[in-house]
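Next comes upload.cif, a file with mmCIF, C-alpha atoms.
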data_run
loop_
_atom_site.label_atom_id
_atom_site.label_comp_id
_atom_site.auth_asym_id
_atom_site.auth_seq_id
_atom_site.Cartn_x
_atom_site.Cartn_y
_atom_site.Cartn_z
CA MET A 232 108.69 75.28 90.31
CA THR A 233 107.03 77.28 93.06
CA ILE A 234 107.70 76.65 96.74
CA THR A 235 104.59 77.43 98.78
CA ALA A 236 105.10 77.91 102.51
CA ALA A 237 103.22 79.51 105.40
CA ALA A 238 105.11 81.62 107.95
CA ASP A 239 103.80 82.61 111.35
CA GLY A 240 104.86 83.93 114.76
CA SER A 241 103.57 83.75 118.30
CA ALA A 242 104.21 85.57 121.58
CA LEU A 243 102.77 84.65 124.95
CA GLY A 244 102.33 88.02 126.62
CA ASN A 245 103.56 90.08 123.66
CA PRO A 246 106.28 90.64 124.61
CA GLY A 247 106.97 87.36 126.33
CA PRO A 248 108.12 83.86 125.35
CA ALA A 249 108.04 83.97 121.56
CA GLY A 250 108.09 81.46 118.73
CA TRP A 251 108.21 81.36 114.96
CA ALA A 252 107.71 78.73 112.28
CA TRP A 253 107.44 78.17 108.56
CA TYR A 254 105.71 75.15 107.06
CA VAL A 255 105.65 73.52 103.61
CA ASN A 256 104.53 70.03 104.63
CA ASP A 257 105.07 67.58 107.47
CA ASP A 258 108.51 66.69 106.09
CA CYS A 259 109.57 70.28 105.45
CA TRP A 260 109.20 72.84 108.25
CA ARG A 261 111.24 74.64 110.84
CA ALA A 262 110.57 76.44 114.12
CA GLY A 263 112.38 78.30 116.87
CA GLY A 264 111.96 81.06 119.37
CA TRP A 265 113.32 83.11 122.27
CA PRO A 266 112.54 83.55 125.97
CA HIS A 267 111.42 87.13 125.31
CA GLY A 268 110.11 88.66 122.10
CA THR A 269 107.06 90.07 120.33
CA ASN A 270 104.60 88.64 117.87
CA ASN A 271 105.92 90.86 115.07
CA GLN A 272 109.46 89.68 115.72
CA GLY A 273 108.25 86.09 115.49
CA GLU A 274 106.50 86.80 112.19
CA LEU A 275 109.60 88.49 110.76
CA MET A 276 111.90 85.71 111.95
CA ALA A 277 109.71 83.04 110.35
CA VAL A 278 109.97 84.74 106.96
CA LEU A 279 113.68 85.42 107.38
CA ASP A 280 114.46 81.79 108.19
CA LEU A 281 112.34 80.62 105.27
CA PHE A 282 114.40 82.73 102.85
CA ARG A 283 117.61 81.48 104.43
CA ALA A 284 116.45 77.86 104.26
CA THR A 285 115.71 78.18 100.53
CA ALA A 286 118.79 80.23 99.62
CA HIS A 287 120.35 77.14 97.95
CA VAL A 288 117.54 77.14 95.35
CA PRO A 289 117.51 80.85 94.39
CA ASP A 290 115.88 80.25 91.01
CA GLU A 291 112.75 78.74 92.54
CA HIS A 292 109.81 81.08 93.07
CA LEU A 293 108.91 81.38 96.75
CA ARG A 294 105.22 81.91 97.56
CA VAL A 295 104.91 83.04 101.17
CA LEU A 296 101.55 82.77 102.91
CA CYS A 297 101.38 85.15 105.85
CA ASP A 298 98.63 86.44 108.13
CA SER A 299 100.63 89.52 109.18
CA GLN A 300 99.89 92.70 107.24
CA TYR A 301 102.80 94.31 109.09
CA VAL A 302 105.32 91.83 107.67
CA ILE A 303 103.88 91.86 104.15
CA ASN A 304 103.78 95.63 103.92
CA SER A 305 107.19 96.07 105.54
CA ILE A 306 108.75 93.99 102.75
CA THR A 307 106.58 94.80 99.73
CA LYS A 308 105.58 98.43 100.35
CA TRP A 309 107.38 100.33 103.10
CA MET A 310 111.00 99.24 102.78
CA PRO A 311 111.89 101.40 99.73
CA GLY A 312 110.43 104.50 101.38
CA TRP A 313 112.19 103.77 104.66
CA LYS A 314 115.49 103.59 102.79
CA ARG A 315 114.90 106.89 101.01
CA LYS A 316 114.23 108.52 104.38
CA GLY A 317 117.35 107.09 106.00
CA TRP A 318 115.51 104.11 107.50
CA ARG A 319 112.99 106.26 109.30
CA LYS A 320 109.22 106.35 109.17
CA GLY A 321 107.08 109.17 107.84
CA ASP A 322 107.05 110.86 111.24
CA GLY A 323 110.87 110.83 111.37
CA LYS A 324 111.09 108.16 114.07
CA PRO A 325 113.33 105.10 113.61
CA VAL A 326 111.81 101.95 112.17
CA LEU A 327 111.24 99.14 114.65
CA ASN A 328 112.88 95.68 114.59
CA LEU A 329 116.10 96.91 113.04
CA GLU A 330 118.22 93.76 112.89
CA LEU A 331 115.52 91.46 111.60
CA LEU A 332 114.57 93.89 108.84
CA LYS A 333 118.22 94.39 107.90
CA GLU A 334 118.69 90.65 107.54
CA LEU A 335 115.47 90.28 105.57
CA ASP A 336 116.51 93.03 103.18
CA ARG A 337 119.75 91.18 102.48
CA GLU A 338 118.12 87.78 102.06
CA ILE A 339 115.41 88.84 99.61
CA ALA A 340 117.80 90.64 97.24
CA GLY A 341 117.77 88.85 93.90
CA ARG A 342 115.12 86.33 94.95
CA LYS A 343 111.86 85.63 93.14
CA TYR A 344 108.97 85.70 95.57
CA THR A 345 105.33 86.57 96.16
CA PHE A 346 103.60 87.37 99.45
CA GLU A 347 99.97 86.44 99.91
CA TRP A 348 97.86 87.45 102.89
CA VAL A 349 95.75 84.72 104.48
CA LYS A 350 93.37 85.17 107.38
CA GLY A 351 94.76 83.69 110.56
CA HIS A 352 92.87 81.10 112.61
CA ALA A 353 90.45 80.53 109.74
CA GLY A 354 91.18 76.90 108.94
CA HIS A 355 93.86 77.40 106.28
CA ASP A 356 95.86 74.16 106.49
CA LEU A 357 99.35 75.59 105.99
CA ASN A 358 98.74 78.64 108.15
CA GLU A 359 97.31 76.52 110.94
CA ALA A 360 100.31 74.19 110.79
CA ALA A 361 102.76 77.09 111.01
CA ASP A 362 100.77 78.73 113.81
CA GLU A 363 100.68 75.47 115.78
CA ARG A 364 104.46 75.06 115.56
CA ALA A 365 105.18 78.71 116.38
CA ARG A 366 102.96 78.55 119.45
CA ALA A 367 104.54 75.26 120.50
CA ALA A 368 107.98 76.89 120.35
CA ALA A 369 106.78 79.86 122.43
CA THR A 370 105.21 77.50 124.95
CA ALA A 371 108.42 75.48 125.19
CA TYR A 372 110.38 78.61 126.07
CA GLN A 373 107.70 79.58 128.56
CA GLN A 374 108.02 76.19 130.26
CA GLY A 375 111.80 76.03 130.00
CA VAL A 376 111.88 72.87 127.88
CA ALA A 377 113.46 72.10 124.51
CA ALA A 378 111.52 73.34 121.48
CA ARG A 379 111.12 71.14 118.39
CA SER A 380 113.02 72.72 115.52
CA GLY A 381 111.73 70.53 112.68
CA PRO A 382 113.45 68.79 109.75
CA GLY A 383 114.17 71.98 107.80
CA PHE A 384 114.35 72.25 104.01
CA ALA A 385 115.83 69.34 102.06
CA GLY A 386 119.30 70.12 100.72
CA ALA A 387 119.74 73.28 102.78
CA PRO A 388 123.06 73.70 104.62
CA VAL A 389 122.85 72.67 108.25
CA ALA A 390 122.28 75.75 110.40
CA ALA A 391 121.44 76.34 114.01
CA VAL A 392 118.03 77.67 114.90
CA PRO A 393 118.48 81.44 115.38
CA SER A 394 119.13 82.47 118.95
CA GLN A 395 117.44 85.19 120.91
CA ALA A 396 120.23 87.56 119.91
CA GLU A 397 118.70 88.35 116.54
CA ALA A 398 115.45 89.43 118.12
CA SER A 399 116.94 90.99 121.22
CA ARG A 400 119.11 93.27 119.09
CA ALA A 401 115.99 94.40 117.31
CA ASP A 402 114.22 94.97 120.60
CA ALA A 403 117.12 96.33 122.65
CA THR A 404 115.98 99.93 122.43
CA PRO A 405 112.26 100.03 121.67
CA ARG A 406 111.23 103.09 119.66
CA ALA A 407 114.93 103.91 119.14
CA ASP A 408 115.73 101.38 116.41
CA ALA A 409 117.10 102.35 113.02
CA MET A 410 116.82 100.04 110.04
CA THR A 411 119.65 99.60 107.57
CA GLY A 412 119.93 97.16 104.72
CA ASN A 413 121.54 96.19 101.47
CA ALA A 414 119.89 97.69 98.43
CA ALA A 415 122.11 95.76 96.04
CA GLY A 416 120.68 93.12 93.76
CA LYS A 417 117.77 93.06 91.38
CA ASP A 418 114.42 93.67 93.05
CA THR A 419 112.01 91.00 91.86
CA ARG A 420 109.49 91.39 94.65
CA THR A 421 105.81 91.15 93.82
CA ALA A 422 102.69 91.05 95.91
CA THR A 423 99.20 89.71 95.40
CA PRO A 424 96.25 92.07 95.76
CA ALA A 425 95.55 90.54 99.14
CA ALA A 426 99.05 91.41 100.24
CA THR A 427 98.84 95.04 99.27
CA ALA A 428 95.45 95.89 100.72
CA THR A 429 93.90 95.85 104.11
CA ARG A 430 91.03 93.53 104.96
CA ASN A 431 88.56 96.27 104.16
CA GLY A 432 90.19 97.87 101.13
CA ALA A 433 93.02 100.21 100.29
CA VAL A 434 96.03 100.80 102.48
CA PRO A 435 95.33 103.86 104.64
CA ALA A 436 97.37 107.01 104.36
CA ALA A 437 99.20 108.37 107.36
CA GLY A 438 97.16 110.76 109.43
CA ALA A 439 93.95 109.81 107.61
CA GLY A 440 91.91 110.11 110.77
CA PRO A 441 91.77 106.87 112.77
CA PHE A 442 90.60 107.00 116.39
CA GLY A 443 92.89 109.33 118.26
CA GLN A 444 95.14 108.99 115.18
CA THR A 445 97.42 106.63 117.13
CA LEU A 446 97.15 103.16 118.50
CA PHE A 447 98.50 99.69 118.72
CA GLY A 448 101.48 97.37 118.60
CA GLU A 449 102.62 94.74 120.99
CA PRO A 450 103.67 94.79 124.62
CA ASP A 451 101.19 94.09 127.39
CA LEU A 452 100.78 97.34 129.32
CA PHE A 453 97.91 96.30 131.57
CA SER A 454 99.71 95.51 134.80
CA GLU A 455 101.94 98.59 134.45
CA LEU A 456 99.08 100.91 133.56
CA GLU A 457 96.73 99.66 136.24
CA ALA A 458 99.44 99.93 138.89
CA GLU A 459 100.15 103.53 137.89
CA ALA A 460 96.62 104.70 137.20
CA PHE A 461 95.07 103.36 140.38
CA VAL A 462 97.75 103.84 142.97
CA GLY A 463 95.39 106.06 144.96
CA THR A 464 92.56 103.57 145.08
CA GLU A 465 94.92 100.73 145.90
CA ALA A 466 96.33 102.71 148.82
CA SER A 467 92.83 103.20 150.16
CA GLY A 468 92.00 99.53 149.74
CA LYS A 469 89.35 100.27 147.11
CA GLU A 470 89.37 98.23 143.92
CA PRO A 471 88.90 100.29 140.74
CA SER A 472 85.56 99.75 139.03
CA PRO A 473 85.34 98.56 135.41
CA GLU A 474 84.21 102.06 134.45
CA GLU A 475 87.31 103.58 136.07
CA ILE A 476 89.61 101.07 134.40
CA VAL A 477 88.09 101.68 130.97
CA GLU A 478 88.28 105.47 131.33
CA ALA A 479 91.95 105.24 132.32
CA LEU A 480 92.74 103.00 129.35
CA GLU A 481 90.89 105.29 126.94
CA ARG A 482 92.83 108.31 128.22
CA GLU A 483 96.03 106.33 127.83
CA LEU A 484 95.23 105.71 124.17
CA ALA A 485 94.64 109.43 123.61
CA GLY A 486 97.75 110.58 125.47
CA PRO A 487 101.17 111.56 124.14
CA ASP A 488 102.97 108.51 125.55
CA ALA A 489 100.77 106.12 123.63
CA ARG A 490 101.04 108.21 120.48
CA GLY A 491 104.80 108.08 120.70
CA ASP A 492 104.98 104.31 121.23
CA ILE A 493 103.06 102.11 118.83
CA GLY A 494 104.02 99.03 120.79
CA ARG A 495 102.63 100.26 124.11
CA THR A 496 98.98 100.28 123.10
CA GLY A 497 98.51 97.51 120.55
CA VAL A 498 97.44 94.85 122.99
CA LEU A 499 94.56 97.08 124.11
CA LEU A 500 92.82 96.46 120.81
CA HIS A 501 90.66 93.38 120.53
CA PRO A 502 91.68 91.10 117.61
CA ASP A 503 88.28 91.88 116.03
CA PHE A 504 88.54 95.63 116.66
CA MET A 505 86.68 97.85 114.21
CA GLU A 506 86.23 101.61 113.98
CA ILE A 507 83.89 103.83 112.02
CA GLY A 508 86.01 106.95 111.82
CA SER A 509 84.88 110.56 111.89
CA SER A 510 85.51 110.66 108.13
CA GLY A 511 83.06 107.80 107.63
CA ARG A 512 85.76 105.28 106.86
CA VAL A 513 85.75 101.79 108.34
CA TRP A 514 89.03 100.75 109.98
CA THR A 515 90.16 97.27 110.95
CA ARG A 516 92.90 96.59 113.47
CA ASP A 517 95.39 95.81 110.70
CA ALA A 518 94.53 98.97 108.77
CA MET A 519 94.94 101.04 111.91
CA MET A 520 98.32 99.51 112.65
CA MET A 521 99.57 100.28 109.15
CA ALA A 522 98.40 103.89 109.34
CA LEU A 523 100.04 104.42 112.71
CA GLU A 524 103.28 102.85 111.56
CA GLU A 525 103.55 105.71 109.07
CA GLY A 526 102.43 108.58 111.32
CA PRO A 527 101.05 108.89 114.85
CA GLY A 528 98.86 111.97 114.36
CA HIS A 529 98.12 114.45 117.14
CA PRO A 530 97.07 114.03 120.79
CA ALA A 531 93.60 114.95 121.97
CA GLU A 532 91.94 115.92 125.24
CA LEU A 533 88.92 113.97 126.48
CA GLU A 534 85.72 115.11 128.18
CA ILE A 535 83.95 112.02 129.50
CA LEU A 536 80.18 112.13 128.96
CA GLY A 537 79.23 108.73 130.30
CA ALA A 538 80.39 105.24 131.20
CA ASP A 539 77.67 102.60 131.14
CA ARG A 540 78.18 98.99 132.07
CA ILE A 541 76.57 96.51 129.67
CA GLY A 542 76.21 93.30 131.60
CA THR A 543 79.31 92.05 133.43
CA SER A 544 81.77 92.04 130.56
CA ALA A 545 81.31 95.25 128.58
CA VAL A 546 81.45 99.01 129.19
CA LEU A 547 80.26 101.67 126.76
CA LEU A 548 82.26 104.87 127.12
CA THR A 549 81.05 108.11 125.50
CA TYR A 550 83.06 111.31 125.39
CA ARG A 551 84.01 114.43 123.47
CA SER A 552 87.54 114.77 122.13
CA TYR A 553 89.25 118.10 121.58
CA ALA A 554 92.03 118.24 119.00
CA ARG A 555 93.58 120.69 116.59
CA GLN A 556 91.08 119.65 113.91
CA GLY A 557 88.04 120.36 116.13
CA THR A 558 85.74 118.44 118.46
CA VAL A 559 84.43 114.94 117.85
CA LEU A 560 81.77 112.99 119.73
CA ARG A 561 83.02 109.46 120.33
CA SER A 562 81.86 106.14 121.71
CA SER A 563 84.03 103.15 122.63
CA LEU A 564 82.90 99.65 123.50
CA TRP A 565 85.33 97.90 125.83
CA VAL A 566 84.93 94.19 126.49
CA LEU A 567 86.45 91.93 129.11
CA ASP A 568 88.73 89.46 127.35
CA GLY A 569 89.76 86.97 129.99
CA THR A 570 90.89 89.22 132.82
CA LYS A 571 91.78 92.25 130.69
CA TRP A 572 89.72 95.03 129.13
CA ARG A 573 90.19 95.48 125.38
CA LEU A 574 88.72 97.94 122.89
CA ARG A 575 86.30 96.12 120.57
CA PHE A 576 84.57 98.98 118.70
CA HIS A 577 84.95 102.72 118.30
CA GLN A 578 83.01 105.39 116.42
CA GLY A 579 83.61 109.11 115.98
CA THR A 580 81.24 111.80 114.71
CA PRO A 581 82.36 115.40 114.07
CA GLU A 582 80.46 117.80 116.29
CA ALA A 583 78.43 120.45 114.50
#
If you took the structure in this file and wrote it as structure tokens, what would it be?
Amino acid sequence: MTITAAADGSALGNPGPAGWAWYVNDDCWRAGGWPHGTNNQGELMAVLDLFRATAHVPDEHLRVLCDSQYVINSITKWMPGWKRKGWRKGDGKPVLNLELLKELDREIAGRKYTFEWVKGHAGHDLNEAADERARAAATAYQQGVAARSGPGFAGAPVAAVPSQAEASRADATPRADAMTGNAAGKDTRTATPAATATRNGAVPAAGAGPFGQTLFGEPDLFSELEAEAFVGTEASGKEPSPEEIVEALERELAGPDARGDIGRTGVLLHPDFMEIGSSGRVWTRDAMMMALEEGPGHPAELEILGADRIGTSAVLLTYRSYARQGTVLRSSLWVLDGTKWRLRFHQGTPEA
């Protein structure tokens, strides 16, 4: 018998009130959350609780449907390499979300399972049901009301919905986590082709040349960045223009702080972000995140060539970047998503 379940996470603010959920059917699902967490932590917690909830049927094959490339690749691709390197990434920095990954490593040992990537918010019944419950849990924590936890898995031992402690331990020292785990047990993990490839093809290698070589992750940096970047204009009573905001955000993405903190810049990318890199390769947001998880690349200096407003909700920024590899002519399309500017498209062309 195969147990098919979707697992999903949600964070309102990222980080902010967070929720997670797994779903088999209306009579078999579970959800929970914390007052403060990230989307990735919610995704990891959903999968962890699913394995715990099915631990009493270890001989059943577990088919996990997940829209997070980060979670799938953490479990099916990166974990062995992280262990060999002492639970550090390719750039020598500690792996994020320590406690959750430790617990996942223990729970999957000896289990039979398959991960399958599904596109989120695309009408997949199980994924939509898990997403709805994860978001409901996050919303409940945001509003300070009780979150529905669901019936759970039939026959599973009664267990409390995980508290914030499991996520807060993983998030206690961002960028200073270290992942440990239990390598014991037979490794029966498998992954479908969709789980081991990005949306546009093969998994990118570290340092393969994505925009600035370093982007993305989770926390919302907008209010912090805008307060810091425009303190002078605020003091003079002048509101920063969209062009000024976009230029400041672009420089932030190219700077050393962003390159050293994958979580700081992720929210700047639009969910439909795409890049045509200087190598000619097409990058999606997920592919970029996976590449940066392995290695942040090198910082670059920017020479702004132009900032042109396109209507009221888009700015096209053109500039030249200077890095160790040479100069590249670049263009970035920033769009207004609600009240925040997010990077929708980027292209780089090596300068002759």
Distance criterion (all atoms listed in the file): nearest to A:Glu483 out of A:Gly508, A:Ala531, A:Leu281, A:Ile234: A:Ala531
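Atom CA of A:Arg540 lies 10.2 Å from atom CA of A:Ser472.
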Residues in the PyMOL selection byres ((chain A and resi 257-265) around 7), expressed as a PyMOL selection string: chain A and resi 248-256+266-268+364-365+368-369+372+378-384+392+394-395
Hits of the PyMOL selection byres ((chain A and resi 553-560) around 8) in this structure, as a PyMOL selection string: chain A and resi 509+529-533+549-552+561-562+579-582
Å distance separating atom CA of A:Leu331 from atom CA of A:Ser241, one decimal place: 15.7 Å
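The residue that comes closest to A:Ala360, out of A:Gly542, A:Gly240, A:Gly273, A:Pro502 and on the basis of only C-alpha atoms, is A:Gly240.
Atom pair atom CA of A:Phe504 / atom CA of A:Ser299 has a distance of 15.5 Å (rounded to one decimal).
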Given all atoms listed in the file as the counted atoms, nearest of A:Ala385, A:Leu275, A:Val295, A:Ala236 to A:Leu335: A:Leu275
Reference answer for the PyMOL selection byres ((chain A and resi 536-539) around 7), as a PyMOL selection string: chain A and resi 474+534-535+540-541+546-550
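Take the candidates A:Lys320, A:His352, A:His287, A:Arg294 and check each one against A:Glu338 using only C-alpha atoms; the shortest distance goes to A:His287.
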Protein, DNA and RNA residues within 6 Å of (102.1, 78.1, 109.5), all atoms listed in the file, as a PyMOL selection string: chain A and resi 237-239+253-254+357-362
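Proximity of A:Glu330, A:Trp309, A:Ala242, A:Arg315 to A:Leu279, computed with all atoms listed in the file, is greatest for A:Glu330.
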Would you place a box with edges along x, y and z of the file around all atoms of stretch 291-304 of chain A listed there, add 4 Å to each of its six sides, and report the centre and edge lengths in Å to one decimal, as AutoDock Vina command-line options?
--center_x 105.7 --center_y 87.2 --center_z 100.9 --size_x 22.1 --size_y 24.9 --size_z 24.6
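Compared by their closest atoms to A:Thr235, and using only C-alpha atoms, the residues A:Leu296, A:Ala545, A:Ala286, A:Val278 rank with A:Leu296 nearest.
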